[in-house]
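**Q** My questions will all concern the structure given below.
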There are 6 protein chains.
Amino acid sequence: MQLQQSTCPEVEAYLERSRGILVPVGSTEQHGPMGVIGTDAICAEVVARGIGEIAAALVAPTIHVGMSEHHMQFAGSMTLRPSTLIAVVHDYILSLAAHGFERFFFVNAHAGNIPSLRAAFYEAYGELRMTRGAEAPPVRCKIVNWSEPDAVKELRSELFGSADGSHASATEVALTQFADPANIKDAALDPPVAPGEPGRFYDSRDFRTRHADGRIASNPALATPEAGQRLFERAVDELARQYADFLAEA
Amino acid sequence: MQLQQSTCPEVEAYLERSRGILVPVGSTEQHGPMGVIGTDAICAEVVARGIGEIAAALVAPTIHVGMSEHHMQFAGSMTLRPSTLIAVVHDYILSLAAHGFERFFFVNAHAGNIPSLRAAFYEAYGELRMTRGAEAPPVRCKIVNWSEPDAVKELRSELFGSADGSHASATEVALTQFADPANIKDAALDPPVAPGEPGRFYDSRDFRTRHADGRIASNPALATPEAGQRLFERAVDELARQYADFLAEA
Amino acid sequence: MQLQQSTCPEVEAYLERSRGILVPVGSTEQHGPMGVIGTDAICAEVVARGIGEIAAALVAPTIHVGMSEHHMQFAGSMTLRPSTLIAVVHDYILSLAAHGFERFFFVNAHAGNIPSLRAAFYEAYGELRMTRGAEAPPVRCKIVNWSEPDAVKELRSELFGSADGSHASATEVALTQFADPANIKDAALDPPVAPGEPGRFYDSRDFRTRHADGRIASNPALATPEAGQRLFERAVDELARQYADFLAEA
Amino acid sequence: MQLQQSTCPEVEAYLERSRGILVPVGSTEQHGPMGVIGTDAICAEVVARGIGEIAAALVAPTIHVGMSEHHMQFAGSMTLRPSTLIAVVHDYILSLAAHGFERFFFVNAHAGNIPSLRAAFYEAYGELRMTRGAEAPPVRCKIVNWSEPDAVKELRSELFGSADGSHASATEVALTQFADPANIKDAALDPPVAPGEPGRFYDSRDFRTRHADGRIASNPALATPEAGQRLFERAVDELARQYADFLAEA
Amino acid sequence: MQLQQSTCPEVEAYLERSRGILVPVGSTEQHGPMGVIGTDAICAEVVARGIGEIAAALVAPTIHVGMSEHHMQFAGSMTLRPSTLIAVVHDYILSLAAHGFERFFFVNAHAGNIPSLRAAFYEAYGELRMTRGAEAPPVRCKIVNWSEPDAVKELRSELFGSADGSHASATEVALTQFADPANIKDAALDPPVAPGEPGRFYDSRDFRTRHADGRIASNPALATPEAGQRLFERAVDELARQYADFLAEA
Amino acid sequence: MQLQQSTCPEVEAYLERSRGILVPVGSTEQHGPMGVIGTDAICAEVVARGIGEIAAALVAPTIHVGMSEHHMQFAGSMTLRPSTLIAVVHDYILSLAAHGFERFFFVNAHAGNIPSLRAAFYEAYGELRMTRGAEAPPVRCKIVNWSEPDAVKELRSELFGSADGSHASATEVALTQFADPANIKDAALDPPVAPGEPGRFYDSRDFRTRHADGRIASNPALATPEAGQRLFERAVDELARQYADFLAEA
């Protein structure tokens with residue numbers, strides 16, 4: 001159930017039975033020689049919609065461009081400044097809270113977004129406190145990273161072992177291939193496992209120096225749509241459970 | 001050619017032959033009883049991708065949420081503050097300009113976005129002047145509104161006459177129906193032509209007072225996917241021509 | 001009736017009978033070889049004061065510097081960034097709304113200001129909604145461009161035909177000459193009709209490339225104070241009518 | 001010599017001989033029962049223009065609305081937030097510095113503006129350092145308060161003694177009367193010397209509690225246009241000297 | 001070596017041999033009935049200074065107030081909005097980078113600061129890229145949380161077991177007691193182990209509902225200055241090693 | 001009584017008897033060859049704590065880094081942009097006002113901070129008015145500069161005469177020496193009385209040109225810890241009296 005494909009009266013009816021909404025957050029940045037630039041946005045969107053199907057939950061429009069300053073030495077990468085991404089997420093929350101949405105489940109696909117998302121939650125909480133005081137709605141925001149639940153990590157390990165990597169991973173490339181065959185590129189482009197130590201980089205020049213073709217320790221040539229489908233099903237299943245728990249939380 | 005579905009090396013190759021990019025800009029707001037909330041985002045995206053096909057041009061990720069403050073009394077409507085939308089568009093432009101993109105063709109579907117888009121262009125031009133001086137890249141930004149070219153207006157008139165209306169128009173609803181059958185809702189929901197005078201509203205309460213069911217002078221019950229397809233073809237054809245002119249401009 | 005020349009008790013008395021106010025918005029930018037840099041500010045101010053006379057309406061202090069980034073390659077041009085102009089207009093509205101003003105009629109003389117003005121209106125509406133909710137005052141903002149009403153356009157055409165042009169127009173130069181003889185410069189400075197296509201420019205370097213002496217398709221040498229007076233009377237007469245309609249609007 | 005009444009070529013010629021400019025900064029706020037709301041803007045403007053005459057210096061457009069939050073409980077008072085005023089002054093400086101202006105002499109008439117002006121100077125210096133480094137132009141900004149030079153204070157004391165006061169002072173009211181007879185209101189409105197201790201107030205409610213009719217320790221009923229003229233001549237004479245010194249400073 | 005206690009020539013000499021600096025980041029927020037409000041600031045400062053001793057490294061002034069919106073229902077808690085904290089950290093980095101500092105080691109004591117710190121790093125990297133391009137200095141920023149290294153965790157577990165807790169922990173209270181006896185309060189104030197599930201809270205009202213006395217699962221009554229000393233030594237020893245590695249990184 | 005060293009229940013008890021708080025504001029900037037970089041922060045902190053002792057008043061955490069753009073050509077100087085410092089002070093005020101603090105006594109040690117402090121006060125007052133209207137708490141903010149009361153000036157003159165100077169003054173260096181012997185540096189570093197005219201500087205390059213070793217007209221070699229102690233006692237005594245008056249003000 002996409003918000004974009006619902007009518008206003010349908011949303012009114014939905015709010016009678018639920019205060020929750022799923023928000024996919026991706027990014028638009030290089031994913032090595034064979035991964036597509038929209039990998040994170042595609043992954044976040046397809047997983048969020050999958051959860052929405054199971055949970056009969058509304059899915060807000062995808063935030064396609066995230067905080068990817070560190071990828072800016074690679075053509076096609078886009079970034080929002082952290083302050084911009086914070087403003088966007090703040091406006092998402094306050095817009096939807098005005099209609100009665102209270103539980104925001106952000107389905108994220110890009111680690112670089114997490115600081116801005118968390119900062120935005122507290123900007124929103126603080127502003128609601130300042131402007132509404134004791135009458136502020138009890139808004140709750142939560143981030144899940146689609147490929148990080150234990151159940152998904154186990155499958156990633158089973159499928160790709162240590163060749164999965166941490167950027168332009170076989171896992172995320174597989175999911176994009178499952179999402180749309182147009183995302184399948186020639187695997188010969190990616191030589192086996194790119195070098196580089198996970199999580200070690202600073203600014204965009206430093207990133208490119210350490211990770212010359214953009215990947216971090218990954219071999220996305222191992223990706224297949226079939227693996228993508230298994231990852232999708234595992235993630236959606238697990239995260240739908242987490243979403244239900246989130247809604248049920250006292 | 002979606003940027004999201006291209007790899008970094010593909011973008012490098014593209015930049016060898018073109019400096020142009022299409023940016024779809026929509027909104028997420030009520031479109032009356034039977035129009036879907038994502039109508040503008042869906043229209044902008046499908047038209048921009050259509051132009052991209054004809055023009056072999058890259059299409060940036062869609063800006064799904066626009067400036068829709070005036071729709072905020074209707075459930076499900078989202079808005080970016082103008083300042084947020086300006087920051088987003090500014091970051092789109094400066095990110096892509098860093099890689100060599102110079103001609104930005106914004107395919108817009110929501111009049112409420114236009115001020116923020118134009119303001120963003122001048123924020124970007126000014127910042128490039130201040131930080132780069134004479135070495136600033138010659139960035140050029142242009143907005144087209146997909147349903148406004150004369151050729152499209154003629155077809156709108158032929159298809160729906162004065163019942164097309166100006167918000168939740170039969171035209172835009174038809175295009176969403178062509179884009180995806182999931183957007184086809186029960187036409188019985190919309191009584192014939194909603195009252196209201198085009199363009200006359202101020203804040204969100206004023207909008208709702210004047211236009212009680214969200215539509216402005218429209219009868220979207222007339223929309224059909226077939227009409228949507230004709231509108232799509234007409235718009236894409238005309239705008240691809242305008243895009244070519246834009247690239248060719250001295 | 002200028003706000004600047006009224007006392008606080010006089011404003012209190014005014015608010016007993018009217019909730020409306022006129023706000024002149026100009027700019028400070030090159031107007032070709034013989035047009036003065038303050039042309040737009042002078043025009044907006046003199047017209048707004050003229051309307052104020054007829055309508056017995058208060059006139060707020062003129063916003064002298066507007067958004068003129070595109071004129072910055074010409075000496076003496078000033079610009080507010082769009083974000084600054086938005087903040088200024090926002091503060092005008094919220095300051096005056098605190099005293100009970102509700103209908104803001106912006107008398108504008110520079111197309112480059114329109115996006116920032118419109119963006120500011122929605123920043124203000126949105127902030128009032130967020131901080132005051134249902135108790136927000138019913139603020140309404142409207143822009144008129146002094147030389148754009150049909151009645152004024154007809155006279156422009158009659159006076160100058162196609163030599164009027166679109167920047168540093170004979171019309172606006174004539175009005176400055178009527179406003180103050182100090183604004184009359186040697187017409188020999190301006191060769192007949194400057195070349196250039198209206199509305200076609202991007203950043204400030206592009207503007208100067210296309211419009212080498214700053215004018216766009218205009219021949220301000222045709223301007224006279226007498227023409228300025230006729231234009232003034234026509235504009236003031238028409239806009240006072242529009243202002244009355246605006247106040248009377250349900 | 002007003003910038004507003006100069007052409008672009010005239011400014012180019014001016015810059016051949018001078019790098020200095022005068023910027024009047026006023027405010028729009030209550031000035032007691034008989035002082036006009038624009039008192040500070042009127043004073044700053046008339047004095048700056050007077051200096052400009054003597055010094056053959058350009059005068060930038062007046063900043064009419066200043067930081068007057070503390071006057072907001074009185075009808076008609078307007079205020080820019082400090083952050084807005086800082087942005088405006090920053091943009092004035094950077095716009096004019098782009099053309100070669102280097103010495104900015106702010107002729108101020110409202111103490112409440114001083115913090116924002118000084119903050120803006122350092123925002124501008126800092127930004128020039130960050131974006132231009134060693135190539136930044138040597139911009140210098142200075143504030144003078146028109147009624148504060150010793151020579152002016154002596155005359156104020158001679159004319160009004162302790163009844164001059166510190167807000168809605170006889171001095172400033174006299175200057176507005178000299179500037180334009182329209183600013184002369186019925187002196188009977190102001191009872192003799194308003195009570196209140198200079199400089200003692202916090203927020204706008206506190207101001208109104210302490211200074212019920214808006215004045216602080218002043219008796220503007222003593223003002224006359226003739227006194228205004230003497231004050232004008234004294235101030236302009238002294239400040240033109242200070243401006244010359246400022247330009248001559250190594 | 002505190003920057004605050006060094007002279008300018010001493011800093012010049014330091015920069016001849018090192019490009020690194022330590023930045024303590026704390027917060028000012030409730031720490032339950034017996035923990036002091038400055039716990040995090042005190043911990044960050046004492047640990048950073050300890051590292052500075054071992055590593056002969058400069059220590060920048062402590063950021064005392066962090067992002068503690070979630071503690072705002074408890075008297076005495078202070079918070080910077082995330083956007084403010086981002087601006088502060090950005091200014092720290094860019095100020096010091098202007099003198100040649102390149103490696104910033106943030107010694108943090110409050111999890112709530114991490115998003116704003118990381119966001120600030122990328123604001124700074126992005127701004128350096130935009131304003132300086134290829135000539136931007138190779139700034140690197142890293143966060144360590146003083147109580148999180150494995151070596152410290154082991155000692156925490158040994159000292160307090162599961163009663164350590166996650167907010168107002170025995171560990172941090174012990175360190176403040178070691179830092180200054182004035183921080184030792186009556187342990188009888190804290191009943192044994194406060195209830196609550198770590199990491200589970202949203203806005204400030206939610207926090208107070210879940211964690212009524214402010215603590216999360218902690219029993220700070222177990223804290224002693226002696227334990228604090230052991231924790232200090234362990235943390236400083238380990239983090240000095242990590243700092244050396246950071247400086248040595250290629 | 002430091003807020004940092006108080007518990008939440010202690011603050012609750014304090015608020016039963018007082019609504020006042022002291023806020024030390026310093027800076028981190030060069031103080032000539034022998035003055036330490038933290039001079040202003042150290043002075044503000046030690047004086048505020050001294051007042052706090054006498055007045056039994058809470059002392060908020062010190063703002064260590066101020067607005068010192070003009071010192072940025074000297075190694076080790078740090079600055080917050082004015083806009084950042086305004087945001088910090090705004091957040092201090094609004095955080096503490098949320099708990100019931102109403103009288104904020106800023107103990108300042110750096111003239112460069114004053115504009116940002118005053119601007120912040122009016123940002124805070126204005127925001128409280130906008131968001132809370134008539135229910136806004138009656139917040140009052142006041143700045144004192146520790147070395148400026150007449151009683152302190154007399155002692156300064158007695159101790160150092162005209163060699164005290166205006167930056168890196170003997171007075172402030174003496175106070176840092178009293179505060180901590182670690183701040184005593186070799187007086188031989190500072191040649192007798194540095195040249196330079198007080199208060200005459202613009203941007204950071206201009207400052208360095210005029211004041212080559214950073215001092216302004218001072219001879220800090222005259223400073224002694226004993227002089228520092230006398231200055232401390234004089235300042236604290238006088239300012240405690242001013243603080244009591246501030247609390248007692250109607």
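Numbering starts fresh at 1 for the residues of each chain in the structure tokens, the chains themselves are lettered A, B, ... in the order given, and ligands are numbered from 1 as they appear.
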Can you list, as a list of chain:residue names, every protein, DNA or RNA residue that comes within 7 Å of E:Ala240 when you count only C-alpha atoms, leaving out same-chain residues fewer than 3 positions away?

**A**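 Final neighbour list, sorted by chain and number: E:Ile51, E:Ile54, E:Ala55, E:Val236, E:Asp237, E:Tyr243, E:Ala244.
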
**Q** Mind writing the picked residues with C-alpha atoms as a PDB file, in the first residue's frame?

**A**
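Output file part.pdb follows:
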ATOM      1  CA  ILE E  51      45.088  10.847  26.677  1.00  0.00           C
ATOM      2  CA  ILE E  54      50.242  10.249  27.478  1.00  0.00           C
ATOM      3  CA  ALA E  55      50.227  11.263  23.849  1.00  0.00           C
ATOM      4  CA  VAL E 236      43.212   6.461  28.758  1.00  0.00           C
ATOM      5  CA  ASP E 237      45.683   3.721  28.100  1.00  0.00           C
ATOM      6  CA  TYR E 243      44.932   7.922  18.943  1.00  0.00           C
ATOM      7  CA  ALA E 244      48.475   6.931  17.993  1.00  0.00           C
TER       8      ALA E 244
END

**Q** List every residue of stretch 11-46 of chain A that has an atom at most 12 Å from any atom of stretch 114-137 of chain A, and for each one report the closest atom pair and its distance in Å to one decimal, counting only C-alpha atoms, with rows sorted by chain and then by increasing residue number, as JSON lines.

**A**
{"residue": "A:Arg19", "atom": "CA", "partner": "A:Pro137", "partner_atom": "CA", "distance": 11.3}
{"residue": "A:Val23", "atom": "CA", "partner": "A:Leu117", "partner_atom": "CA", "distance": 11.3}
{"residue": "A:Pro24", "atom": "CA", "partner": "A:Leu117", "partner_atom": "CA", "distance": 11.7}
{"residue": "A:Val25", "atom": "CA", "partner": "A:Leu117", "partner_atom": "CA", "distance": 9.3}
{"residue": "A:Gly26", "atom": "CA", "partner": "A:Ile114", "partner_atom": "CA", "distance": 10.7}
{"residue": "A:Ser27", "atom": "CA", "partner": "A:Ile114", "partner_atom": "CA", "distance": 11.6}

**Q** Write the residues of the preceding selection, restricted to all heavy atoms, as a PDB file, in the first residue's frame.

**A**
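Output saved as result_15.pdb:
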ATOM      1  N   ARG A  19      -1.726   3.863  13.108  1.00  0.00           N
ATOM      2  CA  ARG A  19      -0.994   5.131  13.196  1.00  0.00           C
ATOM      3  C   ARG A  19       0.424   4.983  12.630  1.00  0.00           C
ATOM      4  O   ARG A  19       1.257   5.863  12.799  1.00  0.00           O
ATOM      5  CB  ARG A  19      -0.889   5.573  14.668  1.00  0.00           C
ATOM      6  CG  ARG A  19      -2.232   5.814  15.339  1.00  0.00           C
ATOM      7  CD  ARG A  19      -2.723   7.204  15.033  1.00  0.00           C
ATOM      8  NE  ARG A  19      -4.173   7.309  15.141  1.00  0.00           N
ATOM      9  CZ  ARG A  19      -4.809   8.457  14.979  1.00  0.00           C
ATOM     10  NH1 ARG A  19      -4.141   9.563  14.728  1.00  0.00           N
ATOM     11  NH2 ARG A  19      -6.112   8.511  15.046  1.00  0.00           N
ATOM     12  N   VAL A  23       8.799   4.319   5.885  1.00  0.00           N
ATOM     13  CA  VAL A  23       9.461   5.318   5.043  1.00  0.00           C
ATOM     14  C   VAL A  23      10.775   4.749   4.496  1.00  0.00           C
ATOM     15  O   VAL A  23      11.740   4.581   5.251  1.00  0.00           O
ATOM     16  CB  VAL A  23       9.769   6.617   5.814  1.00  0.00           C
ATOM     17  CG1 VAL A  23      10.297   7.683   4.866  1.00  0.00           C
ATOM     18  CG2 VAL A  23       8.560   7.122   6.578  1.00  0.00           C
ATOM     19  N   PRO A  24      10.828   4.441   3.205  1.00  0.00           N
ATOM     20  CA  PRO A  24      12.084   3.935   2.621  1.00  0.00           C
ATOM     21  C   PRO A  24      13.094   5.080   2.426  1.00  0.00           C
ATOM     22  O   PRO A  24      12.727   6.146   1.932  1.00  0.00           O
ATOM     23  CB  PRO A  24      11.664   3.380   1.259  1.00  0.00           C
ATOM     24  CG  PRO A  24      10.196   3.637   1.111  1.00  0.00           C
ATOM     25  CD  PRO A  24       9.734   4.509   2.223  1.00  0.00           C
ATOM     26  N   VAL A  25      14.333   4.823   2.817  1.00  0.00           N
ATOM     27  CA  VAL A  25      15.387   5.834   2.662  1.00  0.00           C
ATOM     28  C   VAL A  25      16.580   5.197   1.969  1.00  0.00           C
ATOM     29  O   VAL A  25      17.187   4.255   2.494  1.00  0.00           O
ATOM     30  CB  VAL A  25      15.858   6.407   4.007  1.00  0.00           C
ATOM     31  CG1 VAL A  25      16.678   7.675   3.791  1.00  0.00           C
ATOM     32  CG2 VAL A  25      14.697   6.670   4.935  1.00  0.00           C
ATOM     33  N   GLY A  26      16.912   5.713   0.809  1.00  0.00           N
ATOM     34  CA  GLY A  26      18.019   5.153   0.049  1.00  0.00           C
ATOM     35  C   GLY A  26      19.105   6.176  -0.177  1.00  0.00           C
ATOM     36  O   GLY A  26      19.306   7.086   0.634  1.00  0.00           O
ATOM     37  N   SER A  27      19.835   5.979  -1.252  1.00  0.00           N
ATOM     38  CA  SER A  27      20.792   6.993  -1.663  1.00  0.00           C
ATOM     39  C   SER A  27      21.065   6.803  -3.140  1.00  0.00           C
ATOM     40  O   SER A  27      20.594   5.836  -3.749  1.00  0.00           O
ATOM     41  CB  SER A  27      22.080   6.917  -0.852  1.00  0.00           C
ATOM     42  OG  SER A  27      22.859   5.858  -1.317  1.00  0.00           O
TER      43      SER A  27
END

**Q** So which residues of stretch 16-145 of chain B fall under strand (DSSP E or B) by DSSP, listed as a ChimeraX atom specification?

**A** /B:20-25,31,35-36,59,63,103-108,140-145

**Q** Would you mind exporting N, CA and C atoms of the selected residues as a CSV table (one decimal), in the first residue's frame?

**A**
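And here is the file that came out, part.csv:
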chain,number,residue,atom,x,y,z
B,20,GLY,N,23.5,17.1,-20.3
B,20,GLY,CA,22.1,17.4,-19.8
B,20,GLY,C,21.6,16.3,-18.9
B,21,ILE,N,20.6,16.7,-18.1
B,21,ILE,CA,19.9,15.7,-17.3
B,21,ILE,C,18.5,16.2,-17.0
B,22,LEU,N,17.6,15.2,-16.9
B,22,LEU,CA,16.2,15.5,-16.6
B,22,LEU,C,15.9,15.2,-15.2
B,23,VAL,N,15.2,16.1,-14.5
B,23,VAL,CA,14.8,16.0,-13.1
B,23,VAL,C,13.3,16.0,-12.9
B,24,PRO,N,12.7,14.9,-12.6
B,24,PRO,CA,11.2,15.0,-12.4
B,24,PRO,C,10.9,15.5,-11.0
B,25,VAL,N,10.0,16.4,-10.9
B,25,VAL,CA,9.6,17.0,-9.6
B,25,VAL,C,8.1,16.9,-9.4
B,31,HIS,N,-5.6,14.6,-4.1
B,31,HIS,CA,-6.1,14.9,-5.4
B,31,HIS,C,-7.5,14.6,-5.5
B,35,GLY,N,-8.5,10.8,-7.1
B,35,GLY,CA,-7.2,10.9,-7.5
B,35,GLY,C,-6.2,10.5,-6.5
B,36,VAL,N,-5.1,9.8,-6.9
B,36,VAL,CA,-4.2,9.3,-5.9
B,36,VAL,C,-3.3,10.4,-5.4
B,59,VAL,N,17.8,10.4,-16.5
B,59,VAL,CA,16.7,10.9,-15.6
B,59,VAL,C,17.2,10.8,-14.2
B,63,ILE,N,11.9,13.8,-7.3
B,63,ILE,CA,11.6,14.5,-6.1
B,63,ILE,C,10.1,14.3,-5.8
B,103,ARG,N,23.3,21.2,-17.8
B,103,ARG,CA,22.0,21.7,-18.2
B,103,ARG,C,20.9,20.8,-17.5
B,104,PHE,N,20.2,21.4,-16.7
B,104,PHE,CA,19.2,20.8,-15.8
B,104,PHE,C,17.8,21.1,-16.3
B,105,PHE,N,17.1,20.1,-16.7
B,105,PHE,CA,15.7,20.3,-17.2
B,105,PHE,C,14.7,19.7,-16.2
B,106,PHE,N,14.1,20.5,-15.5
B,106,PHE,CA,13.2,20.1,-14.4
B,106,PHE,C,11.8,19.8,-15.0
B,107,VAL,N,11.4,18.6,-15.0
B,107,VAL,CA,10.1,18.2,-15.5
B,107,VAL,C,9.1,18.2,-14.3
B,108,ASN,N,8.3,19.3,-14.2
B,108,ASN,CA,7.5,19.6,-13.0
B,108,ASN,C,6.1,19.2,-13.2
B,140,ARG,N,23.0,25.7,-16.2
B,140,ARG,CA,21.7,26.3,-16.6
B,140,ARG,C,20.5,25.4,-16.2
B,141,CYS,N,19.6,26.0,-15.6
B,141,CYS,CA,18.4,25.3,-15.1
B,141,CYS,C,17.1,25.8,-15.7
B,142,LYS,N,16.3,24.9,-16.1
B,142,LYS,CA,15.0,25.3,-16.8
B,142,LYS,C,13.9,24.4,-16.2
B,143,ILE,N,12.7,25.0,-16.0
B,143,ILE,CA,11.5,24.2,-15.6
B,143,ILE,C,10.6,24.1,-16.8
B,144,VAL,N,10.0,22.9,-17.0
B,144,VAL,CA,8.9,22.8,-17.8
B,144,VAL,C,7.8,22.1,-17.0
B,145,ASN,N,6.5,22.5,-17.2
B,145,ASN,CA,5.4,21.9,-16.6
B,145,ASN,C,4.7,21.0,-17.6

**Q** Extract, using only C-alpha atoms, all DNA, RNA and protein residues at most 12 Å from E:Phe74, discarding same-chain residues fewer than 6 positions from it, and format them as a list of chain:residue names.

**A**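 Counting only C-alpha atoms, the residues come to E:Thr28, E:Glu29, E:Gln30, E:His31, E:Gly32, E:Pro33, E:Ile37, E:Ser68, E:Ser204, E:Arg205, E:Phe207, E:Arg208, E:Thr209, E:His211, E:Ala212, E:Asp213, E:Gly214, E:Arg215, F:Thr7, F:Cys8, F:Pro9, F:Glu10, F:Val11, F:Glu12, F:Ser95, F:Leu96, F:Ala98, F:His99, F:Gly100.
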
**Q** So the first atom is atom CA of A:Glu226 and the second is atom CA of A:Phe178; what is the distance between them in Å, to one decimal place?

**A**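 Interatomic distance here is 6.8 Å.
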
**Q** Could you pull out all residues of stretch 26-168 of chain A with a DSSP call of alpha helix (DSSP H) and give them as a VMD selection string?

**A** chain A and resid 39 to 55 82 to 97 114 to 132 150 to 160

**Q** Name the closest residue to chain E among the candidates B:Val47, B:Leu15, B:Leu231, B:Leu94; distances are taken between atoms, counting only C-alpha atoms.

**A** B:Leu94

**Q** For B:Ser169, find every residue with an atom within 10 Å (counting only C-alpha atoms), except residues of its own chain fewer than 6 positions away, and show them as JSON, numbers by chain.

**A** {"B": [31, 32, 35, 156, 160, 163, 193, 215, 216, 217, 218, 219, 220, 221, 222, 223]}

**Q** Could you write out that same residue set with C-alpha atoms as a tab-separated table (two decimals), in the first residue's frame?

**A**
chain	number	residue	atom	x	y	z
B	31	HIS	CA	-6.07	14.90	-5.41
B	32	GLY	CA	-9.73	14.80	-4.50
B	35	GLY	CA	-7.16	10.95	-7.54
B	156	ARG	CA	-6.60	18.45	-22.77
B	160	PHE	CA	-12.18	17.09	-21.33
B	163	ALA	CA	-14.32	19.80	-16.97
B	193	VAL	CA	-17.31	18.92	-11.78
B	215	ARG	CA	-10.60	19.30	-6.37
B	216	ILE	CA	-10.64	22.62	-8.19
B	217	ALA	CA	-13.20	22.79	-10.95
B	218	SER	CA	-12.38	19.32	-12.19
B	219	ASN	CA	-14.25	16.16	-13.08
B	220	PRO	CA	-11.65	13.41	-12.94
B	221	ALA	CA	-14.37	10.83	-13.41
B	222	LEU	CA	-13.83	11.51	-17.12
B	223	ALA	CA	-10.28	10.18	-16.94

**Q** Select, from D:Val65, D:Ala97, D:Leu155, D:Ala168, the residue with the minimum atom-to-atom distance to chain B, counting only C-alpha atoms.

**A**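 Closest to chain B of all the choices is D:Ala97.
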
**Q** Would you pick out the contacts of C:Gly66 at 6 Å or less, using only C-alpha atoms, so that residues sharing its chain but fewer than 4 positions from it are not included, and give the list as a ChimeraX atom specification?

**A** /C:27,79-80,113
